[in-house]
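Asker: Below is structure.cif; it holds mmCIF, C-alpha atoms.
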```
data_entry
loop_
_atom_site.label_atom_id
_atom_site.label_comp_id
_atom_site.auth_asym_id
_atom_site.auth_seq_id
_atom_site.Cartn_x
_atom_site.Cartn_y
_atom_site.Cartn_z
CA MET A 1 0.00 0.00 0.00
CA SER A 2 1.35 3.43 -0.99
CA LEU A 3 1.53 5.80 1.96
CA SER A 4 0.47 8.71 -0.27
CA ALA A 5 -2.86 7.02 -0.96
CA THR A 6 -3.69 5.38 2.36
CA PRO A 7 -7.17 5.66 3.83
CA SER A 8 -7.77 6.61 7.42
CA ALA A 9 -6.96 3.93 9.98
CA TRP A 10 -10.34 2.19 10.11
CA GLY A 11 -10.22 1.70 6.33
CA ILE A 12 -7.03 -0.37 6.38
CA LEU A 13 -7.18 -4.17 6.37
CA PRO A 14 -5.40 -5.73 9.37
CA SER A 15 -3.08 -7.58 6.96
CA GLU A 16 -2.03 -4.28 5.34
CA TRP A 17 -0.44 -2.90 8.50
CA LEU A 18 2.62 -5.14 8.07
CA SER A 19 3.61 -3.51 4.78
CA ILE A 20 2.85 -0.08 6.23
CA CYS A 21 5.19 -0.75 9.15
CA GLN A 22 7.86 -1.85 6.69
CA GLU A 23 7.50 1.39 4.73
CA LEU A 24 7.71 3.32 7.99
CA GLN A 25 10.86 1.35 8.86
CA GLN A 26 9.22 -0.16 11.91
CA PRO A 27 9.71 -3.75 13.14
CA ALA A 28 7.07 -6.26 12.07
CA PHE A 29 5.70 -6.76 15.59
CA ARG A 30 4.43 -3.18 15.56
CA ALA A 31 1.75 -4.26 13.08
CA LYS A 32 0.32 -6.71 15.61
CA GLN A 33 0.35 -4.03 18.30
CA ILE A 34 -1.52 -1.68 15.99
CA VAL A 35 -4.16 -4.28 15.11
CA THR A 36 -4.61 -5.18 18.78
CA GLY A 37 -5.02 -1.52 19.71
CA LEU A 38 -7.61 -0.98 16.98
CA TYR A 39 -9.69 -4.15 17.12
CA GLN A 40 -9.32 -5.49 20.66
CA ASP A 41 -8.75 -2.33 22.72
CA PHE A 42 -11.03 -0.21 20.48
CA ALA A 43 -8.72 2.80 20.64
CA GLU A 44 -10.32 6.17 19.96
CA SER A 45 -6.99 7.88 19.26
CA TRP A 46 -3.43 6.76 18.63
CA GLU A 47 -2.49 8.10 22.06
CA ASN A 48 -4.58 5.27 23.52
CA VAL A 49 -2.31 2.65 21.91
CA THR A 50 0.31 2.85 24.63
CA THR A 51 2.17 -0.26 23.45
CA LEU A 52 3.54 1.91 20.64
CA PRO A 53 6.37 4.41 21.22
CA ALA A 54 5.32 8.06 21.36
CA GLY A 55 7.11 8.96 18.13
CA LEU A 56 5.31 6.24 16.18
CA ARG A 57 1.97 7.26 17.65
CA THR A 58 2.59 10.82 16.43
CA MET A 59 3.57 9.57 12.97
CA LEU A 60 0.49 7.36 12.69
CA ALA A 61 -1.79 10.19 13.84
CA GLU A 62 -0.44 12.39 11.05
CA ARG A 63 -0.62 9.77 8.30
CA PHE A 64 -3.57 7.59 9.32
CA PRO A 65 -6.01 9.59 11.45
CA LEU A 66 -8.38 7.77 13.76
CA ALA A 67 -11.67 9.55 13.41
CA PRO A 68 -14.33 8.12 15.75
CA LEU A 69 -17.88 9.08 14.88
CA THR A 70 -19.53 11.41 17.37
CA THR A 71 -22.79 10.27 18.95
CA VAL A 72 -25.31 13.08 18.45
CA GLN A 73 -28.45 11.32 19.67
CA THR A 74 -29.26 8.05 21.41
CA SER A 75 -32.71 6.48 21.40
CA ASN A 76 -33.41 3.52 23.67
CA ALA A 77 -36.49 1.39 23.11
CA GLU A 78 -38.33 -0.57 25.76
CA ASP A 79 -37.42 -3.85 24.05
CA GLY A 80 -33.68 -3.14 24.29
CA VAL A 81 -33.10 -1.82 20.78
CA CYS A 82 -30.76 1.19 20.78
CA LYS A 83 -30.50 3.57 17.84
CA LEU A 84 -27.60 5.96 17.42
CA LEU A 85 -27.40 9.09 15.31
CA LEU A 86 -23.70 9.55 14.55
CA SER A 87 -21.92 12.60 13.17
CA CYS A 88 -19.10 12.25 10.62
CA ALA A 89 -16.06 14.53 10.46
CA ASP A 90 -17.76 16.76 7.88
CA GLY A 91 -20.90 17.15 10.02
CA GLU A 92 -23.09 14.77 8.03
CA SER A 93 -25.14 12.37 10.14
CA ILE A 94 -25.80 8.65 9.76
CA GLU A 95 -27.58 5.97 11.75
CA THR A 96 -26.74 2.61 13.26
CA VAL A 97 -28.96 0.34 15.33
CA ILE A 98 -28.06 -2.14 18.10
CA ILE A 99 -30.50 -5.05 18.36
CA PRO A 100 -29.86 -7.38 21.31
CA SER A 101 -31.23 -10.90 21.47
CA LYS A 102 -30.85 -13.83 23.84
CA ASP A 103 -27.53 -15.09 22.49
CA ARG A 104 -25.96 -12.25 20.51
CA VAL A 105 -26.09 -8.60 19.47
CA THR A 106 -26.98 -7.61 15.91
CA GLN A 107 -25.91 -4.27 14.48
CA CYS A 108 -27.53 -2.61 11.47
CA ILE A 109 -25.08 -0.31 9.66
CA SER A 110 -25.37 2.41 7.03
CA THR A 111 -23.39 2.78 3.81
CA GLN A 112 -24.41 6.21 2.49
CA VAL A 113 -25.58 9.59 3.77
CA GLY A 114 -29.13 9.49 2.50
CA CYS A 115 -30.11 7.44 -0.55
CA ALA A 116 -30.75 8.20 -4.21
CA LEU A 117 -33.14 5.34 -4.98
CA GLY A 118 -36.36 6.84 -3.59
CA CYS A 119 -38.31 3.81 -2.35
CA ALA A 120 -41.69 5.16 -1.29
CA PHE A 121 -41.76 3.75 2.24
CA CYS A 122 -38.11 4.30 3.21
CA ALA A 123 -37.08 7.34 5.26
CA SER A 124 -33.41 7.16 4.18
CA GLY A 125 -33.99 8.96 0.89
CA LYS A 126 -36.55 11.54 1.97
CA HIS A 127 -33.87 14.26 1.93
CA GLY A 128 -32.12 12.75 -1.09
CA PHE A 129 -28.58 11.48 -1.47
CA THR A 130 -25.59 13.39 -0.09
CA ARG A 131 -22.55 11.14 -0.46
CA ASP A 132 -21.09 7.66 -0.05
CA LEU A 133 -19.54 6.66 3.25
CA THR A 134 -15.89 5.68 3.17
CA ALA A 135 -14.85 2.19 4.24
CA ALA A 136 -13.43 3.78 7.40
CA GLU A 137 -16.77 5.44 8.25
CA ILE A 138 -18.59 2.13 7.77
CA VAL A 139 -16.14 0.32 10.05
CA ALA A 140 -16.23 3.19 12.56
CA GLN A 141 -19.95 2.54 13.15
CA VAL A 142 -19.12 -0.95 14.37
CA MET A 143 -16.22 0.27 16.49
CA ALA A 144 -18.53 2.80 18.16
CA VAL A 145 -20.87 -0.04 19.14
CA CYS A 146 -17.95 -2.19 20.33
CA ARG A 147 -16.99 0.58 22.75
CA ILE A 148 -20.58 0.84 23.99
CA LEU A 149 -20.75 -2.91 24.58
CA ARG A 150 -17.41 -2.80 26.39
CA ASP A 151 -18.26 0.21 28.54
CA THR A 152 -21.69 -1.11 29.52
CA ALA A 153 -20.32 -4.62 30.17
CA THR A 154 -22.74 -5.95 27.54
CA ALA A 155 -20.42 -8.59 26.18
CA LEU A 156 -21.92 -11.31 24.03
CA PRO A 157 -23.93 -13.66 26.23
CA MET A 158 -22.48 -16.72 24.49
CA SER A 159 -20.13 -18.76 26.69
CA PRO A 160 -16.69 -19.28 25.17
CA ARG A 161 -15.34 -22.81 24.69
CA PRO A 162 -13.27 -24.16 27.61
CA GLY A 163 -9.79 -22.68 27.41
CA ALA A 164 -10.83 -20.09 24.81
CA LYS A 165 -10.35 -16.38 25.28
CA PRO A 166 -13.42 -14.43 26.49
CA ALA A 167 -15.54 -13.16 23.64
CA LEU A 168 -14.81 -9.65 22.46
CA PRO A 169 -17.60 -7.16 23.20
CA ARG A 170 -18.64 -6.95 19.57
CA PRO A 171 -21.74 -7.54 17.46
CA GLY A 172 -22.32 -11.17 16.58
CA ASN A 173 -24.25 -10.24 13.44
CA ILE A 174 -23.86 -7.35 11.01
CA VAL A 175 -26.74 -6.43 8.72
CA VAL A 176 -26.00 -3.88 6.01
CA MET A 177 -29.57 -2.63 5.99
CA GLY A 178 -29.23 0.92 7.28
CA MET A 179 -29.19 4.17 5.33
CA GLY A 180 -28.13 3.90 1.69
CA GLU A 181 -27.86 1.25 -1.01
CA PRO A 182 -24.77 -0.91 -0.40
CA PHE A 183 -24.21 -1.84 -4.04
CA ALA A 184 -24.25 1.83 -5.06
CA ASN A 185 -21.13 2.14 -2.87
CA TYR A 186 -19.79 -1.30 -3.69
CA ASP A 187 -16.02 -0.90 -3.29
CA ASN A 188 -16.16 0.91 0.07
CA VAL A 189 -18.73 -1.53 1.43
CA MET A 190 -16.75 -4.61 0.41
CA ARG A 191 -13.52 -3.23 1.87
CA ALA A 192 -15.30 -2.44 5.15
CA LEU A 193 -16.86 -5.90 5.36
CA ARG A 194 -13.53 -7.57 4.64
CA ILE A 195 -12.04 -5.59 7.54
CA LEU A 196 -14.87 -6.62 9.89
CA ASN A 197 -14.60 -10.25 8.74
CA HIS A 198 -10.79 -10.42 8.94
CA GLN A 199 -9.47 -12.99 11.45
CA GLN A 200 -6.99 -10.49 12.87
CA GLY A 201 -9.69 -7.87 13.27
CA LEU A 202 -13.15 -8.35 14.76
CA ASN A 203 -13.40 -11.75 13.06
CA ILE A 204 -17.15 -11.52 12.47
CA GLY A 205 -18.04 -14.62 10.45
CA ALA A 206 -19.01 -14.10 6.82
CA ARG A 207 -22.27 -15.98 7.33
CA HIS A 208 -23.10 -13.54 10.13
CA ILE A 209 -22.87 -10.59 7.72
CA THR A 210 -25.89 -9.81 5.54
CA ILE A 211 -25.88 -7.34 2.64
CA SER A 212 -29.28 -5.94 1.69
CA THR A 213 -29.92 -4.43 -1.74
CA CYS A 214 -33.05 -2.99 -3.30
CA GLY A 215 -32.15 -4.85 -6.48
CA LEU A 216 -29.04 -3.41 -8.14
CA VAL A 217 -28.38 -6.26 -10.55
CA PRO A 218 -24.72 -5.36 -11.32
CA GLY A 219 -23.90 -5.47 -7.61
CA ILE A 220 -25.45 -8.93 -7.21
CA ARG A 221 -23.42 -10.15 -10.18
CA ARG A 222 -20.20 -8.75 -8.70
CA LEU A 223 -20.90 -10.30 -5.30
CA ALA A 224 -21.41 -13.69 -6.93
CA GLU A 225 -17.81 -13.54 -8.16
CA GLU A 226 -16.23 -12.52 -4.83
CA GLY A 227 -15.93 -16.02 -3.42
CA LEU A 228 -17.27 -14.84 -0.05
CA GLN A 229 -19.97 -16.36 2.13
CA PHE A 230 -21.83 -13.16 2.99
CA GLU A 231 -25.61 -13.48 3.09
CA LEU A 232 -27.60 -11.64 0.42
CA SER A 233 -30.97 -10.03 1.04
CA VAL A 234 -33.00 -8.44 -1.78
CA SER A 235 -35.86 -6.00 -1.19
CA LEU A 236 -38.81 -7.21 -3.27
CA HIS A 237 -41.92 -5.65 -1.67
CA ALA A 238 -44.24 -6.37 -4.63
CA PRO A 239 -45.16 -9.41 -6.73
CA ASP A 240 -45.31 -7.70 -10.14
CA ASP A 241 -43.54 -4.99 -12.12
CA GLU A 242 -46.44 -2.54 -12.14
CA LEU A 243 -46.72 -2.30 -8.37
CA ARG A 244 -42.99 -2.62 -7.69
CA GLY A 245 -42.26 0.15 -10.19
CA ARG A 246 -44.66 2.45 -8.32
CA ILE A 247 -43.09 1.98 -4.90
CA MET A 248 -39.49 1.17 -5.95
CA PRO A 249 -38.19 3.23 -8.89
CA VAL A 250 -35.19 0.88 -9.24
CA ASN A 251 -37.58 -1.66 -10.80
CA ARG A 252 -37.83 0.52 -13.91
CA ARG A 253 -34.12 -0.07 -14.52
CA TRP A 254 -33.92 -3.72 -13.44
CA PRO A 255 -37.41 -5.30 -13.62
CA LEU A 256 -38.38 -8.46 -11.82
CA GLN A 257 -37.50 -10.97 -14.54
CA GLU A 258 -33.92 -9.71 -14.80
CA LEU A 259 -33.61 -9.41 -11.03
CA LEU A 260 -34.85 -12.95 -10.38
CA GLU A 261 -32.69 -14.43 -13.13
CA THR A 262 -29.68 -12.74 -11.55
CA CYS A 263 -30.61 -14.07 -8.12
CA ARG A 264 -30.95 -17.57 -9.56
CA THR A 265 -27.49 -17.29 -11.10
CA TYR A 266 -26.14 -16.03 -7.77
CA ASN A 267 -27.55 -19.12 -6.07
CA GLU A 268 -26.02 -21.42 -8.69
CA LYS A 269 -22.58 -19.82 -8.39
CA THR A 270 -22.41 -19.50 -4.61
CA GLY A 271 -24.73 -22.19 -3.27
CA ARG A 272 -26.25 -19.48 -1.03
CA LEU A 273 -29.98 -18.86 -0.79
CA VAL A 274 -31.21 -15.34 -1.44
CA THR A 275 -33.59 -13.85 1.13
CA PHE A 276 -36.34 -11.69 -0.35
CA GLU A 277 -37.58 -8.93 1.93
CA TYR A 278 -41.27 -8.12 1.53
CA THR A 279 -42.71 -5.18 3.49
CA LEU A 280 -46.44 -5.64 4.02
CA ILE A 281 -48.41 -2.42 3.46
CA LYS A 282 -52.11 -2.31 4.25
CA LYS A 283 -54.32 -2.80 1.17
CA LEU A 284 -51.37 -2.06 -1.14
CA ASN A 285 -49.52 -5.37 -1.31
CA ASP A 286 -50.94 -7.50 1.52
CA ARG A 287 -54.08 -8.90 -0.10
CA PRO A 288 -54.60 -12.62 -0.88
CA GLU A 289 -54.16 -11.89 -4.59
CA HIS A 290 -50.76 -10.39 -3.87
CA ALA A 291 -49.76 -13.51 -1.96
CA ALA A 292 -50.93 -15.66 -4.88
CA ARG A 293 -48.84 -13.62 -7.36
CA LEU A 294 -45.81 -13.79 -5.10
CA ILE A 295 -46.17 -17.57 -4.88
CA ARG A 296 -46.25 -17.84 -8.68
CA LEU A 297 -43.20 -15.59 -8.89
CA LEU A 298 -41.07 -17.52 -6.37
CA ARG A 299 -42.46 -21.07 -6.48
CA HIS A 300 -39.42 -22.49 -8.28
CA MET A 301 -36.83 -20.06 -6.89
CA PRO A 302 -34.37 -21.37 -4.27
CA CYS A 303 -34.94 -18.63 -1.69
CA LYS A 304 -36.28 -17.51 1.65
CA VAL A 305 -38.91 -14.81 2.19
CA ASN A 306 -38.91 -12.41 5.13
CA LEU A 307 -42.22 -10.62 5.67
CA ILE A 308 -41.99 -7.23 7.41
CA PRO A 309 -45.10 -5.38 8.61
CA LEU A 310 -44.63 -1.72 7.67
CA SER A 311 -43.07 0.68 10.15
CA PRO A 312 -44.84 4.02 9.54
CA VAL A 313 -42.62 6.63 7.88
CA ASP A 314 -43.08 10.41 7.78
CA GLY A 315 -44.04 11.45 4.25
CA PHE A 316 -45.55 8.07 3.27
CA ASP A 317 -49.25 7.49 3.88
CA GLY A 318 -49.06 3.70 3.85
CA ARG A 319 -50.28 1.92 6.98
CA ARG A 320 -49.31 -1.19 8.87
CA PRO A 321 -51.59 -4.14 8.02
CA GLU A 322 -53.82 -5.85 10.52
CA HIS A 323 -52.02 -8.67 12.33
CA ALA A 324 -54.55 -11.20 11.00
CA ASP A 325 -53.80 -10.14 7.42
CA CYS A 326 -50.06 -10.55 8.02
CA LEU A 327 -50.64 -14.05 9.38
CA ALA A 328 -52.87 -14.96 6.44
CA PHE A 329 -50.17 -13.82 3.99
CA LEU A 330 -47.56 -15.85 5.88
CA ASP A 331 -49.81 -18.91 5.94
CA ALA A 332 -50.41 -18.74 2.19
CA LEU A 333 -46.68 -18.77 1.44
CA LEU A 334 -45.98 -21.56 3.91
CA LYS A 335 -48.74 -23.72 2.42
CA ALA A 336 -47.09 -23.20 -0.98
CA LYS A 337 -43.89 -24.60 0.60
CA ILE A 338 -42.01 -21.32 0.30
CA ASN A 339 -39.58 -20.89 3.20
CA THR A 340 -41.06 -17.83 4.90
CA THR A 341 -40.67 -16.03 8.21
CA MET A 342 -42.19 -12.86 9.62
CA ARG A 343 -39.91 -10.33 11.25
CA ARG A 344 -40.88 -9.36 14.76
CA SER A 345 -40.90 -5.58 14.99
CA ARG A 346 -38.21 -4.20 17.27
CA GLY A 347 -37.59 -0.64 18.36
CA ARG A 348 -40.85 0.79 17.02
CA ASP A 349 -41.02 3.34 19.85
CA VAL A 350 -37.71 4.89 18.71
CA ASP A 351 -38.28 4.85 14.92
CA ALA A 352 -35.77 2.03 14.41
CA ALA A 353 -36.47 1.66 10.68
CA CYS A 354 -33.56 3.05 8.69
CA GLY A 355 -33.39 6.79 8.12
CA GLN A 356 -36.15 7.86 10.49
CA LEU A 357 -33.95 9.25 13.26
CA ARG A 358 -31.86 11.26 10.79
CA LEU A 359 -35.03 12.46 9.05
CA ARG A 360 -36.42 13.74 12.34
CA SER A 361 -33.09 15.31 13.33
CA LEU A 362 -33.00 17.35 10.11
CA ASN A 363 -36.34 18.87 11.06
CA GLN A 364 -35.78 19.54 14.76
CA PRO A 365 -32.88 20.18 17.18
CA PRO A 366 -31.02 17.06 18.39
CA GLN A 367 -32.09 15.62 21.73
CA THR A 368 -31.49 12.49 23.77
CA LEU A 369 -34.47 10.18 24.03
CA ASN A 370 -34.85 7.63 26.80
CA THR A 371 -37.93 5.48 27.08
#
```
Would you write the structure of this file as structure tokens?
Answerer:
Amino acid sequence: MSLSATPSAWGILPSEWLSICQELQQPAFRAKQIVTGLYQDFAESWENVTTLPAGLRTMLAERFPLAPLTTVQTSNAEDGVCKLLLSCADGESIETVIIPSKDRVTQCISTQVGCALGCAFCASGKHGFTRDLTAAEIVAQVMAVCRILRDTATALPMSPRPGAKPALPRPGNIVVMGMGEPFANYDNVMRALRILNHQQGLNIGARHITISTCGLVPGIRRLAEEGLQFELSVSLHAPDDELRGRIMPVNRRWPLQELLETCRTYNEKTGRLVTFEYTLIKKLNDRPEHAARLIRLLRHMPCKVNLIPLSPVDGFDGRRPEHADCLAFLDALLKAKINTTMRRSRGRDVDAACGQLRLRSLNQPPQTLNT
């Protein structure tokens, strides 16, 4: 790696620090100390990495700045979900969500400031697209949560194997489902996920990392060639082109037939099932006829379906369906032998759906919410 073109510290793969130390004329063991300081001690500045000599810490601070994201607003839901509004160095704000469960913590991360794709029921794009996040900013979201888990003693509840080191206070699952379209920022997203997955870093398993796309076909094709075991989730939300084109403009560029053919090819190349996300919206796409069309569309597709009752969004007049209608939709797909689950809503009292906290913050002064 050329020092003149290096990213900030969080955007560097753990394996790249060895060549950097060589270029800086430092002994090889310094690379291990750097990686430990970053990914086990969760350093917020180079001064915190006290295993390094002061002169090297100064040099690293000048060449590879550590830029933690600033927490602007914290929203805590009654069910344990915690949503953070984070400020980047340029003042732009992004969101990340911590979702605890019985045996692990899941973190939902963002990849862009805003979104350009304009899905009708998504708050992320209501103020349009501002810019891509760097790989370092994507990784920094996870490091911010690692520090929270460490400082609140909320380590993973899983018991380590006998003789194994205690588990790092880190998310057990990463879902790339926050603000932005990951495949519209493909290179930065893939670099960030490789850093999070790296054995010398946080070592989050590839099968515990899910990338969610609204259907950017070129990105799915590229991912199929990566040779990685990341999970792929595709936002479907409608069983036909007419309806999907109305609520998801991306469908006009890559309609359902092309999208599904690409997903089938992805499955053939990787052996991984695609999960189709389907947000249920009252009287728009939740009727029995919609379920029947979806069954015809997916009957011979190796896939899973995740049904999501709508979380209300400012600026979209769609409503959450009745619980009975959601169950009827689920039952229809299960009877058709389509592998289907329904997501249990979490964090509804703090607007946990992506983009909502940022959307509110752009329209009112920041505040800390505790429920």
Asker: Which residue is closest to Thr130 (chain A)? Choose from A:Val250, A:Ala28, A:Ala328, A:Ile94 and count only C-alpha atoms.
Answerer: A:Ile94
Asker: Separation of CA of Gly178 (chain A) and CA of Leu85 (chain A), in Å?
Answerer: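 Calculated distance between CA of Gly178 (chain A) and CA of Leu85 (chain A) is 11.6 Å.
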Asker: Got a sec: who's within 7 Å of Ser212 (chain A), counting all atoms listed in the file, leaving out chain neighbours fewer than 2 positions off, as a PyMOL selection string?
Answerer: chain A and resi 176-177+210+214+232-234
Asker: Just the number, please: distance in Å from CA of Asp151 (chain A) to CA of Arg207 (chain A), one decimal.
Answerer: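 Between CA of Asp151 (chain A) and CA of Arg207 (chain A) the gap is 27.0 Å.
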Asker: I want to know what sits within 6 Å of Ile209 (chain A), based on all atoms listed in the file, with residues of the same chain fewer than 4 positions away left out; could you give that as a count of residues only?
Answerer: 4
Asker: For Gly125 (chain A), which residue among A:Leu330, A:Val139, A:Ala61, A:Met179 is the nearest when counting only C-alpha atoms?
Answerer: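 Ranking A:Leu330, A:Val139, A:Ala61, A:Met179 by distance to Gly125 (chain A), first place goes to A:Met179.
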Asker: Can you work out which one of A:Arg272, A:Ile281, A:Thr70, A:Leu84 has the shortest atom-to-atom distance to Phe316 (chain A), counting all atoms listed in the file?
Answerer: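 Nearest candidate to Phe316 (chain A) out of A:Arg272, A:Ile281, A:Thr70, A:Leu84: A:Ile281.
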Asker: I'd like the contact shell of Asp41 (chain A) - 10 Å cut-off, all atoms listed in the file, skipping same-chain residues fewer than 5 positions apart - returned as an MDAnalysis selection string.
Answerer: chainID A and resid 34:36 48:49 146:147 150 168
Asker: Restricting the calculation to all atoms listed in the file: of A:Arg30, A:Arg221, A:Arg287, A:Lys83, which residue gets closest to Asn267 (chain A)?
Answerer: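 Of A:Arg30, A:Arg221, A:Arg287, A:Lys83, the one nearest Asn267 (chain A), counting all atoms listed in the file, is A:Arg221.
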Asker: Pick out the residues sitting within 9 Å of Leu259 (chain A), and hand them over as a compact mmCIF listing (two decimals) with C-alpha atoms, keeping the file's coordinate frame; count all atoms listed in the file, and ignore anything fewer than 6 positions along from it in its own chain.
Answerer:
```
# COMPACT_ATOMS: atom_id res chain seq x y z
CA GLY A 215 -32.15 -4.85 -6.48
CA LEU A 216 -29.04 -3.41 -8.14
CA VAL A 217 -28.38 -6.26 -10.55
CA ASN A 251 -37.58 -1.66 -10.80
```
